[in-house]
file input-v8.cif (mmCIF, C-alpha atoms)
data_structure
loop_
_atom_site.label_atom_id
_atom_site.label_comp_id
_atom_site.auth_asym_id
_atom_site.auth_seq_id
_atom_site.Cartn_x
_atom_site.Cartn_y
_atom_site.Cartn_z
CA MET H 1 6.73 3.38 8.85
CA ILE H 2 7.95 3.36 12.40
CA PHE H 3 11.58 3.76 13.43
CA THR H 4 12.78 2.36 16.71
CA VAL H 5 16.04 1.80 18.52
CA PRO H 6 16.83 -1.24 20.64
CA GLU H 7 15.44 -1.25 24.14
CA SER H 8 19.01 -1.30 25.44
CA GLN H 9 19.71 2.17 24.05
CA PRO H 10 19.49 4.97 26.62
CA PHE H 11 17.09 7.07 24.54
CA THR H 12 13.94 6.82 22.52
CA LEU H 13 12.80 8.44 19.29
CA ASN H 14 10.19 11.15 19.15
CA PRO H 15 8.75 11.53 16.66
CA SER H 16 9.54 8.12 15.30
CA SER H 17 7.06 7.52 12.51
CA PHE H 18 6.14 8.83 9.08
CA GLU H 19 3.03 8.15 7.09
CA PHE H 20 3.21 7.58 3.37
CA SER H 21 0.85 6.21 0.80
CA ILE H 22 1.24 4.39 -2.47
CA ALA H 23 -1.23 5.21 -5.18
CA LYS H 24 -2.81 2.55 -7.34
CA ALA H 25 -1.06 1.72 -10.56
CA PRO H 26 -2.78 2.86 -13.75
CA ALA H 27 -5.48 0.58 -15.11
CA PRO H 28 -3.97 -2.59 -16.51
CA ALA H 29 -3.97 -3.10 -20.27
CA LEU H 30 -6.41 -5.96 -20.70
CA SER H 31 -7.30 -8.04 -23.71
CA GLN H 32 -10.53 -7.09 -25.43
CA PRO H 33 -12.14 -10.47 -26.02
CA SER H 34 -14.34 -11.66 -28.85
CA VAL H 35 -17.07 -14.24 -28.40
CA THR H 36 -19.49 -15.93 -30.75
CA LEU H 37 -23.16 -16.58 -30.17
CA PHE H 38 -25.48 -18.77 -32.19
CA ASP H 39 -27.76 -16.71 -34.37
CA ALA H 40 -30.90 -18.25 -32.94
CA PRO H 41 -33.66 -16.63 -30.87
CA GLY H 42 -32.99 -17.10 -27.21
CA SER H 43 -29.59 -18.65 -27.73
CA VAL H 44 -27.72 -18.44 -24.44
CA MET H 45 -24.00 -18.85 -24.04
CA LYS H 46 -21.74 -18.37 -21.06
CA PHE H 47 -18.15 -17.22 -21.07
CA ASP H 48 -15.46 -17.09 -18.40
CA LEU H 49 -14.56 -13.47 -18.92
CA ALA H 50 -11.98 -13.47 -16.11
CA SER H 51 -9.86 -16.00 -17.97
CA MET H 52 -10.12 -14.19 -21.30
CA ILE H 53 -8.80 -10.73 -20.52
CA GLY H 54 -5.31 -11.33 -19.11
CA LEU H 55 -5.73 -9.99 -15.61
CA PRO H 56 -2.52 -9.27 -13.69
CA SER H 57 -1.71 -11.73 -10.95
CA ASP H 58 -1.05 -9.03 -8.34
CA LEU H 59 -4.48 -7.42 -8.18
CA ASN H 60 -4.53 -7.50 -4.38
CA GLY H 61 -8.27 -8.07 -4.33
CA GLY H 62 -11.05 -7.72 -6.86
CA PRO H 63 -12.07 -7.02 -9.43
CA SER H 64 -15.80 -6.55 -9.24
CA TYR H 65 -17.49 -6.97 -12.61
CA ALA H 66 -20.50 -5.03 -13.83
CA ILE H 67 -22.19 -4.58 -17.20
CA THR H 68 -22.22 -0.90 -18.04
CA GLY H 69 -23.81 -1.20 -21.46
CA PHE H 70 -24.36 -3.29 -24.54
CA THR H 71 -25.72 -2.85 -28.02
CA GLU H 72 -28.99 -4.61 -28.76
CA THR H 73 -28.80 -5.30 -32.44
CA ARG H 74 -28.96 -9.03 -31.94
CA LEU H 75 -28.44 -9.22 -28.21
CA ALA H 76 -31.37 -9.52 -25.79
CA SER H 77 -29.47 -9.40 -22.54
CA ALA H 78 -26.04 -9.44 -21.00
CA ALA H 79 -25.28 -10.32 -17.41
CA VAL H 80 -22.10 -10.88 -15.47
CA ASP H 81 -21.41 -12.41 -12.07
CA PRO H 82 -19.87 -9.57 -10.05
CA ALA H 83 -17.45 -11.85 -8.26
CA THR H 84 -16.45 -14.48 -10.81
CA GLY H 85 -16.77 -12.61 -14.08
CA LYS H 86 -18.92 -15.32 -15.67
CA LEU H 87 -20.58 -13.56 -18.60
CA THR H 88 -23.99 -14.72 -19.85
CA LEU H 89 -25.22 -13.50 -23.22
CA THR H 90 -28.66 -14.13 -24.69
CA ALA H 91 -29.58 -13.55 -28.32
CA ASN H 92 -32.86 -11.82 -29.10
CA ASP H 93 -35.59 -13.03 -31.44
CA ARG H 94 -35.07 -10.62 -34.28
CA ALA H 95 -35.04 -12.17 -37.71
CA SER H 96 -32.36 -9.96 -39.10
CA ARG H 97 -28.79 -10.84 -38.46
CA SER H 98 -26.17 -8.32 -37.50
CA VAL H 99 -22.47 -8.42 -37.83
CA GLN H 100 -21.61 -7.67 -34.24
CA ASP H 101 -22.71 -6.40 -30.85
CA THR H 102 -20.58 -4.94 -28.10
CA VAL H 103 -20.80 -5.51 -24.35
CA THR H 104 -18.93 -3.20 -22.01
CA VAL H 105 -17.89 -4.62 -18.66
CA ALA H 106 -16.44 -2.44 -15.91
CA LEU H 107 -13.81 -3.80 -13.55
CA THR H 108 -13.57 -2.04 -10.21
CA ASP H 109 -12.32 -2.56 -6.65
CA MET H 110 -8.88 -3.85 -7.58
CA GLY H 111 -6.48 -3.29 -4.72
CA ASN H 112 -3.43 -2.32 -6.74
CA TYR H 113 -4.89 -1.00 -10.00
CA GLU H 114 -7.23 1.73 -11.09
CA ASP H 115 -10.64 0.84 -12.49
CA CYS H 116 -10.92 -0.14 -16.12
CA ALA H 117 -13.31 -1.67 -18.61
CA VAL H 118 -13.24 -4.27 -21.33
CA GLN H 119 -15.31 -4.35 -24.47
CA VAL H 120 -16.51 -7.75 -25.52
CA ALA H 121 -17.15 -8.08 -29.24
CA VAL H 122 -20.07 -10.41 -29.90
CA SER H 123 -20.53 -12.00 -33.30
CA TYR H 124 -23.06 -14.54 -34.47
CA VAL H 125 -22.98 -17.73 -36.47
CA THR H 126 -25.71 -19.96 -37.76
CA LYS H 127 -26.25 -23.05 -35.72
CA PRO H 128 -24.88 -25.93 -37.79
CA SER H 129 -26.85 -28.97 -38.92
CA ALA H 130 -25.48 -32.32 -37.88
CA THR H 131 -25.35 -35.34 -40.16
CA ILE H 132 -26.33 -38.64 -38.62
CA ALA H 133 -24.52 -41.78 -39.75
CA GLY H 134 -23.90 -45.28 -38.54
CA VAL H 135 -27.49 -46.50 -38.54
CA LYS H 136 -29.77 -48.34 -40.89
CA ALA H 137 -33.50 -48.64 -40.77
CA ALA H 138 -34.58 -51.96 -39.39
CA THR H 139 -36.40 -54.35 -41.72
CA ASP H 140 -38.60 -57.38 -41.25
CA LEU H 141 -40.03 -56.09 -38.01
CA VAL H 142 -43.07 -57.89 -36.68
CA TYR H 143 -45.41 -56.54 -34.12
CA ASN H 144 -44.80 -58.17 -30.77
CA GLY H 145 -46.47 -55.80 -28.36
CA GLU H 146 -43.15 -54.31 -27.26
CA PRO H 147 -41.42 -51.11 -28.29
CA GLN H 148 -39.09 -51.71 -31.21
CA GLN H 149 -36.12 -49.58 -32.07
CA GLY H 150 -36.58 -49.33 -35.82
CA TYR H 151 -32.89 -49.02 -36.62
CA THR H 152 -29.66 -50.92 -36.24
CA GLY H 153 -26.17 -49.66 -35.55
CA SER H 154 -24.85 -46.89 -33.36
CA PRO H 155 -25.95 -43.43 -34.39
CA GLN H 156 -23.17 -40.89 -34.72
CA ALA H 157 -23.47 -37.28 -35.67
CA THR H 158 -20.91 -34.93 -37.13
CA TYR H 159 -21.18 -31.26 -37.77
CA LEU H 160 -19.04 -28.45 -39.00
CA SER H 161 -18.22 -26.33 -36.02
CA PRO H 162 -18.66 -22.68 -36.96
CA LEU H 163 -16.60 -21.63 -33.99
CA GLU H 164 -13.60 -23.78 -34.83
CA GLN H 165 -14.12 -24.36 -38.54
CA SER H 166 -13.59 -28.06 -38.14
CA VAL H 167 -15.67 -31.22 -38.33
CA ARG H 168 -16.61 -32.36 -34.88
CA ASP H 169 -18.24 -35.46 -33.47
CA LEU H 170 -21.31 -34.84 -31.42
CA GLN H 171 -20.19 -35.78 -27.97
CA ARG H 172 -23.50 -35.81 -26.25
CA PRO H 173 -25.69 -38.89 -26.60
CA LEU H 174 -28.35 -38.69 -29.22
CA CYS H 175 -31.90 -38.77 -27.97
CA HIS H 176 -34.33 -41.10 -29.61
CA HIS H 177 -37.83 -42.16 -28.85
CA LEU H 178 -39.27 -45.61 -28.99
CA HIS H 179 -42.85 -45.88 -30.02
CA ARG H 180 -45.42 -48.55 -30.16
CA TYR H 181 -46.84 -49.01 -33.59
CA CYS H 182 -49.78 -51.01 -34.73
CA PHE H 183 -51.05 -51.77 -38.16
CA ARG H 184 -54.30 -50.43 -39.45
CA ARG H 185 -56.68 -53.02 -40.56
CA MET G 1 11.46 2.21 31.39
CA ALA G 2 11.03 4.02 28.09
CA GLU G 3 9.42 7.04 29.72
CA ASP G 4 12.55 7.62 31.75
CA LYS G 5 14.73 7.89 28.71
CA PRO G 6 15.39 11.11 26.82
CA ALA G 7 13.67 11.31 23.44
CA TYR G 8 15.69 12.42 20.46
CA LYS G 9 14.50 13.39 17.03
CA LEU G 10 15.06 11.35 13.95
CA TYR G 11 16.78 13.73 11.55
CA PHE G 12 16.83 11.68 8.42
CA PRO G 13 14.64 10.86 6.72
CA LYS G 14 12.94 14.17 7.33
CA HIS G 15 9.85 13.32 5.35
CA ALA G 16 8.02 10.32 4.03
CA ALA G 17 8.27 9.74 0.32
CA THR G 18 5.54 11.22 -1.82
CA GLY G 19 4.20 10.47 -5.26
CA LEU G 20 4.66 6.75 -4.91
CA VAL G 21 2.71 4.58 -7.33
CA TYR G 22 2.31 0.83 -7.09
CA ASN G 23 4.73 -0.86 -9.46
CA GLY G 24 4.79 -4.41 -8.21
CA THR G 25 8.05 -4.00 -6.31
CA ARG G 26 8.90 -3.08 -2.74
CA GLN G 27 8.95 0.61 -1.99
CA GLN G 28 10.75 2.03 0.99
CA GLY G 29 8.55 5.01 1.78
CA TYR G 30 11.45 7.32 2.62
CA SER G 31 14.77 8.41 1.21
CA GLY G 32 17.99 9.30 2.88
CA VAL G 33 19.99 7.68 5.66
CA PRO G 34 18.26 7.56 9.04
CA VAL G 35 20.27 9.38 11.71
CA VAL G 36 19.49 10.57 15.21
CA LYS G 37 21.19 13.51 16.90
CA ILE G 38 21.93 12.55 20.50
CA LEU G 39 23.68 14.42 23.26
CA ALA G 40 27.25 13.54 24.02
CA ASP G 41 28.33 12.57 27.49
CA ASN G 42 29.19 16.19 28.25
CA GLY G 43 25.53 17.05 27.83
CA VAL G 44 26.31 19.77 25.31
CA ASP G 45 27.70 18.33 22.11
CA GLU G 46 25.58 16.38 19.67
CA MET G 47 26.61 13.11 18.14
CA ASP G 48 25.13 11.22 15.24
CA TYR G 49 23.57 7.93 16.12
CA HIS G 50 23.27 5.63 13.14
CA ALA G 51 22.84 2.11 14.33
CA PRO G 52 21.15 0.00 15.20
CA LEU G 53 17.95 1.61 14.02
CA TYR G 54 14.97 -0.42 13.04
CA VAL G 55 12.04 0.26 10.74
CA GLU G 56 8.72 -1.49 10.47
CA TYR G 57 5.60 -0.82 8.45
CA LYS G 58 1.98 -0.77 9.50
CA GLY G 59 -1.07 -0.16 7.36
CA ILE G 60 -2.99 3.09 7.66
CA ASN G 61 -6.39 4.12 6.36
CA SER G 62 -7.76 0.58 6.58
CA THR G 63 -4.79 -0.91 4.76
CA VAL G 64 -3.86 -4.22 6.29
CA TYR G 65 -0.12 -4.52 6.43
CA ASN G 66 2.33 -5.37 9.15
CA SER G 67 5.94 -6.03 8.41
CA PRO G 68 8.50 -7.66 10.66
CA ARG G 69 10.83 -5.17 12.24
CA SER G 70 14.01 -4.82 10.22
CA LYS G 71 16.98 -2.57 9.99
CA PRO G 72 16.77 0.16 7.36
CA GLN G 73 18.69 0.31 4.13
CA ASP G 74 21.81 2.01 5.43
CA MET G 75 22.57 -0.78 7.86
CA GLU G 76 25.29 -2.89 6.33
CA GLU G 77 24.26 -6.09 7.99
CA SER G 78 20.69 -5.92 6.90
CA THR G 79 18.40 -5.18 4.01
CA PRO G 80 15.23 -3.15 4.04
CA THR G 81 11.88 -4.80 4.16
CA PRO G 82 9.39 -2.21 3.09
CA PRO G 83 5.93 -3.38 2.05
CA SER G 84 5.98 -5.83 -0.80
CA THR G 85 2.46 -5.19 -2.00
CA PRO G 86 1.18 -2.24 -0.06
CA ALA G 87 -2.40 -1.42 -0.71
CA PRO G 88 -2.82 2.20 -1.66
CA THR G 89 -4.26 4.41 0.96
CA GLY G 90 -5.68 7.09 -1.27
#
call {"tool": "encode", "arguments": {"input": "input-v8.cif", "output": "structure tokens"}}
result
Amino acid sequence: MIFTVPESQPFTLNPSSFEFSIAKAPAPALSQPSVTLFDAPGSVMKFDLASMIGLPSDLNGGPSYAITGFTETRLASAAVDPATGKLTLTANDRASRSVQDTVTVALTDMGNYEDCAVQVAVSYVTKPSATIAGVKAATDLVYNGEPQQGYTGSPQATYLSPLEQSVRDLQRPLCHHLHRYCFRR
Amino acid sequence: MAEDKPAYKLYFPKHAATGLVYNGTRQQGYSGVPVVKILADNGVDEMDYHAPLYVEYKGINSTVYNSPRSKPQDMEESTPTPPSTPAPTG
């Protein structure tokens, strides 16, 4: 801080300044998030870690994210974008299922707060089977040299979401393949 | 010209504040009422000069901060403007 007097005053100040510093506040108390991965080999899911941990709004820069460790019971890899905190988790190909893994993410370089870490609890659920409805197999089809659909109606699929414990409609369009068929003689 | 003027010491605050920790609010960086001892017209006696006396803040140790010049806390017609979110310098 620098003290001064108006230019009109017949004197100056010397010394006129002091230096002081303000230490960082202690590490903020962050939420320790839980995420769920599908219990399937190679299952990859991404999470917006930055939005899940309750960061203070007055960080004054940062944080930088880094994985500092993770258990590998059912987890093949864990990666985080240093700048955005986007967390990518990949399940391994082990047959056995575990209850939970843990990923530790360090947060550093915050302007107003000391470094800290969050532990992400990772659990696994079986990928649900969807039930298709709304279609009937086509009948009375006759070969005409063109692909034929083989069903009528609009296929819809529902599944029990293991993450939300509710019945959900499959939002993405169902893929189907049209084939040419011919009769054996 | 400033170099032609006598220079007097700032008596209070004597020292910058220490042990400050970021708490999300403005922190003044000193305590006490700023006062300058100046010579009286007789050239012998000392008088206390209180006002106007301005204070401004600049960042040190790579901290980027520059405040507008304002009068310190003891000035009745003004309010202090220490750093609002000073980055620590440690």
call {"tool": "atom_distance", "arguments": {"input": "input-v8.cif", "atom1": "atom CA of G:Thr18", "atom2": "atom CA of H:Phe20"}}
result
6.8 Å
call {"tool": "resolve_selection", "arguments": {"input": "input-v8.cif", "expression": "the PyMOL selection byres ((chain G) within 7 of (chain H))", "output": "MDAnalysis selection string"}}
result
chainID G and resid 2 5:10 15:18 20:23 29 52:58 87:90
call {"tool": "write_last_selection", "arguments": {"input": "input-v8.cif", "atoms": "C-alpha atoms", "output": "CSV table (one decimal), in the coordinates of the input"}}
result
chain,number,residue,atom,x,y,z
G,2,ALA,CA,11.0,4.0,28.1
G,5,LYS,CA,14.7,7.9,28.7
G,6,PRO,CA,15.4,11.1,26.8
G,7,ALA,CA,13.7,11.3,23.4
G,8,TYR,CA,15.7,12.4,20.5
G,9,LYS,CA,14.5,13.4,17.0
G,10,LEU,CA,15.1,11.4,14.0
G,15,HIS,CA,9.8,13.3,5.4
G,16,ALA,CA,8.0,10.3,4.0
G,17,ALA,CA,8.3,9.7,0.3
G,18,THR,CA,5.5,11.2,-1.8
G,20,LEU,CA,4.7,6.8,-4.9
G,21,VAL,CA,2.7,4.6,-7.3
G,22,TYR,CA,2.3,0.8,-7.1
G,23,ASN,CA,4.7,-0.9,-9.5
G,29,GLY,CA,8.6,5.0,1.8
G,52,PRO,CA,21.2,0.0,15.2
G,53,LEU,CA,18.0,1.6,14.0
G,54,TYR,CA,15.0,-0.4,13.0
G,55,VAL,CA,12.0,0.3,10.7
G,56,GLU,CA,8.7,-1.5,10.5
G,57,TYR,CA,5.6,-0.8,8.4
G,58,LYS,CA,2.0,-0.8,9.5
G,87,ALA,CA,-2.4,-1.4,-0.7
G,88,PRO,CA,-2.8,2.2,-1.7
G,89,THR,CA,-4.3,4.4,1.0
G,90,GLY,CA,-5.7,7.1,-1.3
call {"tool": "atom_distance", "arguments": {"input": "input-v8.cif", "atom1": "atom CA of H:Ala91", "atom2": "atom CA of H:Ile132"}}
result
27.3 Å
call {"tool": "atom_distance", "arguments": {"input": "input-v8.cif", "atom1": "atom CA of H:Ala106", "atom2": "atom CA of H:Pro63"}}
result
9.1 Å
call {"tool": "residues_around", "arguments": {"input": "input-v8.cif", "residues": "H:Thr139", "least_positions_apart": "3", "cutoff": "10 Å", "atoms": "all atoms listed in the file", "output": "number ranges by chain"}}
result
H: 136, 142, 150-152
call {"tool": "resolve_selection", "arguments": {"input": "input-v8.cif", "expression": "the PyMOL selection byres ((chain H and resi 37-42) around 7)", "output": "JSON, numbers by chain"}}
result
{"H": [35, 36, 43, 44, 45, 90, 91, 92, 93, 122, 123, 124, 125, 126, 127]}
call {"tool": "resolve_selection", "arguments": {"input": "input-v8.cif", "expression": "the PyMOL selection byres ((chain H and resi 64-74) around 6)", "output": "JSON, numbers by chain"}}
result
{"H": [62, 63, 75, 82, 83, 85, 91, 92, 101, 102, 103, 104, 105, 106, 107, 108, 109]}
call {"tool": "closest_residue", "arguments": {"input": "input-v8.cif", "among": "H:Leu87, H:Val120, H:Leu49, H:Ala138", "to": "H:Gln100", "atoms": "only C-alpha atoms"}}
result
H:Val120
call {"tool": "build_atoms", "arguments": {"input": "input-v8.cif", "residues": "stretch 101-112 of chain H", "atoms": "all heavy atoms", "output": "short mmCIF file (atom, residue, chain, number, x, y, z; two decimals), keeping the file's coordinate frame"}}
result
data_model
loop_
_atom_site.label_atom_id
_atom_site.label_comp_id
_atom_site.auth_asym_id
_atom_site.auth_seq_id
_atom_site.Cartn_x
_atom_site.Cartn_y
_atom_site.Cartn_z
N ASP H 101 -22.29 -7.23 -31.98
CA ASP H 101 -22.71 -6.40 -30.85
C ASP H 101 -21.50 -6.17 -29.95
O ASP H 101 -20.47 -6.83 -30.10
CB ASP H 101 -23.82 -7.10 -30.05
CG ASP H 101 -25.20 -6.84 -30.63
OD1 ASP H 101 -25.52 -5.65 -30.82
OD2 ASP H 101 -25.94 -7.80 -30.88
N THR H 102 -21.67 -5.24 -29.03
CA THR H 102 -20.58 -4.94 -28.10
C THR H 102 -21.13 -4.88 -26.68
O THR H 102 -22.16 -4.25 -26.44
CB THR H 102 -19.92 -3.58 -28.43
OG1 THR H 102 -19.42 -3.65 -29.77
CG2 THR H 102 -18.77 -3.29 -27.49
N VAL H 103 -20.45 -5.54 -25.76
CA VAL H 103 -20.80 -5.51 -24.35
C VAL H 103 -19.64 -4.87 -23.59
O VAL H 103 -18.49 -5.28 -23.76
CB VAL H 103 -21.05 -6.92 -23.79
CG1 VAL H 103 -21.40 -6.87 -22.31
CG2 VAL H 103 -22.17 -7.61 -24.57
N THR H 104 -19.96 -3.87 -22.80
CA THR H 104 -18.93 -3.20 -22.01
C THR H 104 -19.03 -3.64 -20.56
O THR H 104 -20.11 -3.58 -19.95
CB THR H 104 -19.08 -1.67 -22.09
OG1 THR H 104 -19.04 -1.29 -23.47
CG2 THR H 104 -17.94 -0.98 -21.36
N VAL H 105 -17.93 -4.13 -20.03
CA VAL H 105 -17.89 -4.62 -18.66
C VAL H 105 -16.88 -3.80 -17.87
O VAL H 105 -15.72 -3.67 -18.29
CB VAL H 105 -17.50 -6.11 -18.60
CG1 VAL H 105 -17.52 -6.63 -17.16
CG2 VAL H 105 -18.43 -6.95 -19.48
N ALA H 106 -17.34 -3.24 -16.77
CA ALA H 106 -16.44 -2.44 -15.91
C ALA H 106 -15.81 -3.33 -14.86
O ALA H 106 -16.47 -4.21 -14.30
CB ALA H 106 -17.23 -1.32 -15.24
N LEU H 107 -14.54 -3.09 -14.60
CA LEU H 107 -13.81 -3.80 -13.55
C LEU H 107 -13.40 -2.78 -12.50
O LEU H 107 -12.69 -1.81 -12.80
CB LEU H 107 -12.58 -4.50 -14.11
CG LEU H 107 -12.78 -5.80 -14.88
CD1 LEU H 107 -13.43 -5.55 -16.24
CD2 LEU H 107 -11.46 -6.52 -15.06
N THR H 108 -13.85 -2.99 -11.28
CA THR H 108 -13.57 -2.04 -10.21
C THR H 108 -13.05 -2.79 -8.98
O THR H 108 -13.00 -4.02 -8.96
CB THR H 108 -14.83 -1.25 -9.83
OG1 THR H 108 -15.84 -2.17 -9.41
CG2 THR H 108 -15.35 -0.45 -11.01
N ASP H 109 -12.70 -2.02 -7.97
CA ASP H 109 -12.32 -2.56 -6.65
C ASP H 109 -11.06 -3.43 -6.70
O ASP H 109 -10.93 -4.37 -5.92
CB ASP H 109 -13.48 -3.35 -6.03
CG ASP H 109 -14.70 -2.49 -5.79
OD1 ASP H 109 -14.52 -1.28 -5.61
OD2 ASP H 109 -15.82 -3.02 -5.81
N MET H 110 -10.16 -3.14 -7.60
CA MET H 110 -8.88 -3.85 -7.58
C MET H 110 -7.95 -3.14 -6.61
O MET H 110 -7.85 -1.91 -6.63
CB MET H 110 -8.28 -3.86 -9.00
CG MET H 110 -9.06 -4.72 -9.97
SD MET H 110 -8.45 -4.64 -11.67
CE MET H 110 -9.10 -3.06 -12.20
N GLY H 111 -7.28 -3.89 -5.78
CA GLY H 111 -6.48 -3.29 -4.72
C GLY H 111 -5.30 -2.49 -5.24
O GLY H 111 -4.98 -1.43 -4.70
N ASN H 112 -4.66 -2.97 -6.28
CA ASN H 112 -3.43 -2.32 -6.74
C ASN H 112 -3.57 -1.57 -8.06
O ASN H 112 -2.60 -0.98 -8.52
CB ASN H 112 -2.31 -3.37 -6.89
CG ASN H 112 -1.77 -3.81 -5.55
OD1 ASN H 112 -1.88 -3.09 -4.56
ND2 ASN H 112 -1.20 -5.00 -5.50
#
